[in-house]
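A.B. asks: Sharing a structure below in structure tokens format, with a few things to ask.
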Amino acid sequence: MSQTEVLGVPAQAAPQTKRFMLLYALAWAGGAIGYVPFLTLLLPARVTELTGPDAVEWLAYIAFVGAIAASLANLGFGWLSDVVRSRRTFIFAGLILSSLALVTAAQIDRLGPLLIHIALWQFGLNMMLSPLAALAGDYVPDGQKGRLGGLLSFAPAIGGLSGALVTIPALALSRDAQLVVVACMVAACVLPVMFFGRPKAMPQLTEDAPQPLNEAAVQLPKAGNAVLRMWLSRLLVQIAEASLFAFLLLWLRSLDETMGESETARLFSLVVLIAIPLALALGRWADMRDKPMLPLAGAALVCAVGLAAMAASNSLGSGIAGYVIFGVAGAVFLSLHSAQTLRVLPRARTRGRDLGFFNLTNTVPSLIMPWLTLALVPIFGFAGLFALLAVMAAMASILMFSVSKPK
């Protein structure tokens with residue numbers, strides 16, 4: 001069987017090599033390892049040790065400062081990688097800086113310096129992630145973007161598994177050791193694509209195709225409309241994701257105070273593992289049927305159902321069931337959306353910068369979410385927050401259904 005047949009795309013589509021696709025997915029998973037266990041488990045646990053009952057408030061402040069640093073760094077380094085025309089330089093530098101910041105975080109024992117340290121870590125992390133995201137746009141053609149999205153669904157699963165690994169009670173790793181292990185796993189995942197990826201050149205993806213003026217006048221408004229709708233839909237889903245990302249452990253403990261870090265990590269891992277085969281199947285279906293946006297619309301709708309179930313839950317069992325529905329659909333949505341975003345960006349030569357603006361949908365929610373949480377949770381509990389998030393996810397579904405309509 002030929003490589004083209006294995007990848008499931010026609011020969012005339014000039015598919016990217018399977019090796020690059022797989023190693024790129026591994027590198028993207030390395031990026032998830034870089035932040036998932038730290039932000040969901042290790043940092044909340046450390047903040048709780050330092051602040052006790054004030055942990056929710058301090059986590060909100062940390063999320064706010066980190067999101068500002070991440071937004072600026074992602075946009076800035078994406079733009080610089082466009083200008084310099086070198087993604088790898090920034091990926092290497094970001095890997096080194098973020099790893100150093102990560103392994104030294106456990107030495108910080110005051111909240112003020114910790115805020116500054118988190119900003120520095122986000123700066124380095126996004127120095128790596130922004131050009132890494134643009135690298136896919138440089139080398140993966142449209143006919144494989146659904147499959148790329150399916151492969152990217154492994155990232156949150158591997159990120160969650162890394163959190164479960166470093167928090168296994170039997171290993172009894174110290175905070176210092178946990179962070180060192182995480183940094184080593186990130187490097188082991190990111191470096192192979194740099195050294196061994198050897199992607200097939202895709203000049204049609206790295207140069208802006210010339211367009212007649214009359215065609216450009218007609219097509220650019222359509223492209224801009226699709227970009228805006230995709231941006232807004234991801235923002236709405238990501239606000240919900242950010243809320244659960246930061247406060248999942250605390251919410252589960254509000255339902256059952258015996259829930260610990262390890263149990264929460266295993267639940268998170270289970271959810272994203274379930275999402276993988278769904279994302280792979282839906283991504284392949286989207287490529288074969290040439291309906292890239294329809295799976296996104298359906299996934300956002302299921303997110304709304306899961307959040308509504310979480311809002312209505314009054315026990316750990318029902319809460320976990322709602323979270324599984326939401327978590328699986330959210331993981332599918334975000335992985336497929338990340339790949340299909342590359343389809344609608346209008347300029348190849350400003351891909352890194354444009355993805356930086358799209359990355360605001362990942363970081364702006366962390367600016368919005370803390371204030372939503374502080375405003376709603378003390379009065380209405382987590383149920384009030386989840387009800388609002390369910391409405392947002394439903395709005396995201398409507399937006400994606402409108403993008404997926406035939407032209």
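How things are named: the first chain in the structure tokens is A, the next is B, and so on; residues count from 1 in each chain; ligands count from 1 in the order shown.
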What are the DSSP alpha helix (DSSP H) residues of stretch 35-76 of chain A, as a PyMOL selection string?
C.D. replies: chain A and resi 35-37+43-51+55-76
A.B. asks: Under the rule of at most 8 Å, produce a per-residue listing of stretch 192-304 of chain A near stretch 379-396 of chain A: chain, number, name, the closest pair of atoms, and the distance in Å, as a Markdown table, using only C-alpha atoms.
C.D. replies:
```
| residue | atom | partner | partner_atom | distance |
| --- | --- | --- | --- | --- |
| A:Leu232 | CA | A:Ala396 | CA | 7.2 |
| A:Ser233 | CA | A:Ala396 | CA | 4.2 |
| A:Arg234 | CA | A:Ala396 | CA | 7.1 |
| A:Leu236 | CA | A:Met392 | CA | 5.5 |
| A:Val237 | CA | A:Ala393 | CA | 5.4 |
| A:Ile239 | CA | A:Leu389 | CA | 7.5 |
| A:Ala240 | CA | A:Leu389 | CA | 5.6 |
| A:Trp251 | CA | A:Phe382 | CA | 7.1 |
| A:Ala297 | CA | A:Ala396 | CA | 7.4 |
| A:Ala300 | CA | A:Ala393 | CA | 5.7 |
| A:Leu301 | CA | A:Ala394 | CA | 5.5 |
| A:Cys303 | CA | A:Ala393 | CA | 6.1 |
| A:Ala304 | CA | A:Ala390 | CA | 4.3 |
```
A.B. asks: Save the residues we just selected, N, CA, C and O atoms, as a short mmCIF file (atom, residue, chain, number, x, y, z; two decimals), in the first residue's frame?
C.D. replies:
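Okay, this is what ended up in result.cif:
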```cif
data_model
loop_
_atom_site.label_atom_id
_atom_site.label_comp_id
_atom_site.auth_asym_id
_atom_site.auth_seq_id
_atom_site.Cartn_x
_atom_site.Cartn_y
_atom_site.Cartn_z
N LEU A 232 -14.80 33.64 17.18
CA LEU A 232 -15.79 33.80 18.25
C LEU A 232 -16.24 32.46 18.82
O LEU A 232 -16.40 32.31 20.04
N SER A 233 -16.42 31.48 17.96
CA SER A 233 -16.88 30.18 18.44
C SER A 233 -15.83 29.53 19.34
O SER A 233 -16.16 28.97 20.39
N ARG A 234 -14.57 29.63 18.96
CA ARG A 234 -13.52 29.06 19.81
C ARG A 234 -13.41 29.82 21.12
O ARG A 234 -13.19 29.22 22.17
N LEU A 236 -15.79 31.25 22.80
CA LEU A 236 -16.88 30.85 23.69
C LEU A 236 -16.63 29.48 24.32
O LEU A 236 -16.86 29.29 25.52
N VAL A 237 -16.15 28.54 23.52
CA VAL A 237 -15.86 27.21 24.06
C VAL A 237 -14.66 27.27 25.01
O VAL A 237 -14.64 26.62 26.06
N ILE A 239 -13.72 29.69 26.93
CA ILE A 239 -14.07 30.26 28.24
C ILE A 239 -14.53 29.14 29.17
O ILE A 239 -14.14 29.08 30.34
N ALA A 240 -15.34 28.23 28.63
CA ALA A 240 -15.76 27.07 29.43
C ALA A 240 -14.58 26.17 29.76
O ALA A 240 -14.43 25.72 30.90
N TRP A 251 -13.93 22.25 42.10
CA TRP A 251 -15.36 21.93 41.94
C TRP A 251 -15.64 20.50 42.36
O TRP A 251 -16.63 20.23 43.06
N ALA A 297 -19.41 22.14 14.68
CA ALA A 297 -20.72 22.61 15.12
C ALA A 297 -21.38 21.59 16.05
O ALA A 297 -21.93 21.94 17.10
N ALA A 300 -19.61 21.46 19.56
CA ALA A 300 -19.96 22.59 20.43
C ALA A 300 -21.34 22.40 21.04
O ALA A 300 -21.56 22.74 22.22
N LEU A 301 -22.27 21.83 20.27
CA LEU A 301 -23.61 21.58 20.79
C LEU A 301 -23.56 20.56 21.94
O LEU A 301 -24.24 20.73 22.97
N CYS A 303 -21.04 20.06 23.87
CA CYS A 303 -20.45 20.78 25.00
C CYS A 303 -21.52 21.46 25.84
O CYS A 303 -21.49 21.42 27.08
N ALA A 304 -22.46 22.09 25.17
CA ALA A 304 -23.54 22.78 25.88
C ALA A 304 -24.37 21.79 26.69
O ALA A 304 -24.76 22.08 27.84
#
```
A.B. asks: State, in Å with one decimal place, the distance from atom CA of A:Glu241 to atom CA of A:Thr363.
C.D. replies: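 Between these atoms lies a distance of 11.1 Å.
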A.B. asks: Set the distance at 8 Å and use only C-alpha atoms: which residues neighbour stretch 45-55 of chain A once local chain neighbours fewer than 4 positions away are removed? I'd like the list as a list in words.
C.D. replies: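 Counting only C-alpha atoms, the residues come to Leu41, Leu59, Asp109, Arg110 and Leu111 of chain A.
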A.B. asks: Can those selected residues be exported to a file as a JSON list (two decimals), in the first residue's frame so that it contains N, CA and C atoms?
C.D. replies:
```json
[["chain", "number", "residue", "atom", "x", "y", "z"],
["A", 41, "LEU", "N", -2.81, 20.89, 38.17],
["A", 41, "LEU", "CA", -2.54, 20.12, 39.39],
["A", 41, "LEU", "C", -1.44, 20.72, 40.25],
["A", 59, "LEU", "N", -5.54, 31.93, 42.54],
["A", 59, "LEU", "CA", -5.47, 31.26, 41.24],
["A", 59, "LEU", "C", -6.07, 32.14, 40.15],
["A", 109, "ASP", "N", 8.45, 30.73, 47.17],
["A", 109, "ASP", "CA", 7.62, 30.49, 48.35],
["A", 109, "ASP", "C", 6.81, 31.71, 48.77],
["A", 110, "ARG", "N", 6.73, 32.72, 47.86],
["A", 110, "ARG", "CA", 5.88, 33.88, 48.12],
["A", 110, "ARG", "C", 5.03, 34.15, 46.89],
["A", 111, "LEU", "N", 3.82, 34.65, 47.12],
["A", 111, "LEU", "CA", 2.87, 34.76, 46.02],
["A", 111, "LEU", "C", 3.24, 35.86, 45.03]]
```
A.B. asks: Given the choices A:Ala183, A:Ala170, A:Val190, A:Ala69, which gets closest to A:Ile91 if the distance is worked out from only C-alpha atoms?
C.D. replies: A:Val190
A.B. asks: Compare A:Ala60, A:Leu334, A:Ile276, A:Ala281 by their minimum atom-to-atom distance to A:Ile158, counting only C-alpha atoms, and give me the closest one.
C.D. replies: A:Ile276
A.B. asks: Tell me, as a ChimeraX atom specification, which residues lie within 9 Å of stretch 13-28 of chain A, counting only C-alpha atoms; anything in the same chain fewer than 4 positions away does not count.
C.D. replies: /A:3-4,6-7,9,32-33,129,132-133,135-136,139-144,148,151-155,186-194,196-202
A.B. asks: Calculated over only C-alpha atoms, which of the candidates A:Phe64, A:Phe123, A:Trp79, A:Phe268 has the smallest distance to A:Gly327?
C.D. replies: A:Phe268
A.B. asks: I'd like the contact shell of A:Phe333 - 9 Å cut-off, only C-alpha atoms, skipping same-chain residues fewer than 2 positions apart - returned as a compact mmCIF listing (two decimals) with C-alpha atoms, in the first residue's frame.
C.D. replies:
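Saved to part.txt:
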```txt
# COMPACT_ATOMS: atom_id res chain seq x y z
CA ARG A 234 -13.52 29.06 19.81
CA VAL A 237 -15.86 27.21 24.06
CA ALA A 279 -11.57 13.18 16.76
CA PRO A 295 -18.08 18.25 13.16
CA LEU A 296 -17.12 21.45 14.99
CA ALA A 297 -20.72 22.61 15.12
CA GLY A 298 -21.91 19.28 16.51
CA ALA A 299 -19.14 19.11 19.11
CA ALA A 300 -19.96 22.59 20.43
CA CYS A 303 -20.45 20.78 25.00
CA VAL A 328 -14.94 14.71 25.37
CA ALA A 329 -16.85 17.10 23.10
CA GLY A 330 -14.61 20.01 24.06
CA ALA A 331 -11.43 18.05 23.30
CA SER A 335 -8.32 19.68 18.26
CA LEU A 336 -10.29 19.82 15.00
CA HIS A 337 -10.68 23.60 15.28
CA SER A 338 -6.92 24.09 15.66
```
A.B. asks: I need the residue nearest A:Pro156 from this list: A:Leu100, A:Leu125, A:Val271, A:Leu249. Use only C-alpha atoms for the distance.
C.D. replies: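 Among the listed residues, the smallest separation from A:Pro156 belongs to A:Val271.
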A.B. asks: Need the shell around A:Gly146: protein/DNA/RNA residues with any atom at most 6 Å away, counting only C-alpha atoms. Skip same-chain ones fewer than 4 positions apart. Format as a PyMOL selection string?
C.D. replies: chain A and resi 283-284+286-287
A.B. asks: Considering only C-alpha atoms, can you say which of A:Val364, A:Leu255, A:Leu235, A:Val166 comes closest to A:Ala70?
C.D. replies: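 Nearest candidate to A:Ala70 out of A:Val364, A:Leu255, A:Leu235, A:Val166: A:Val364.
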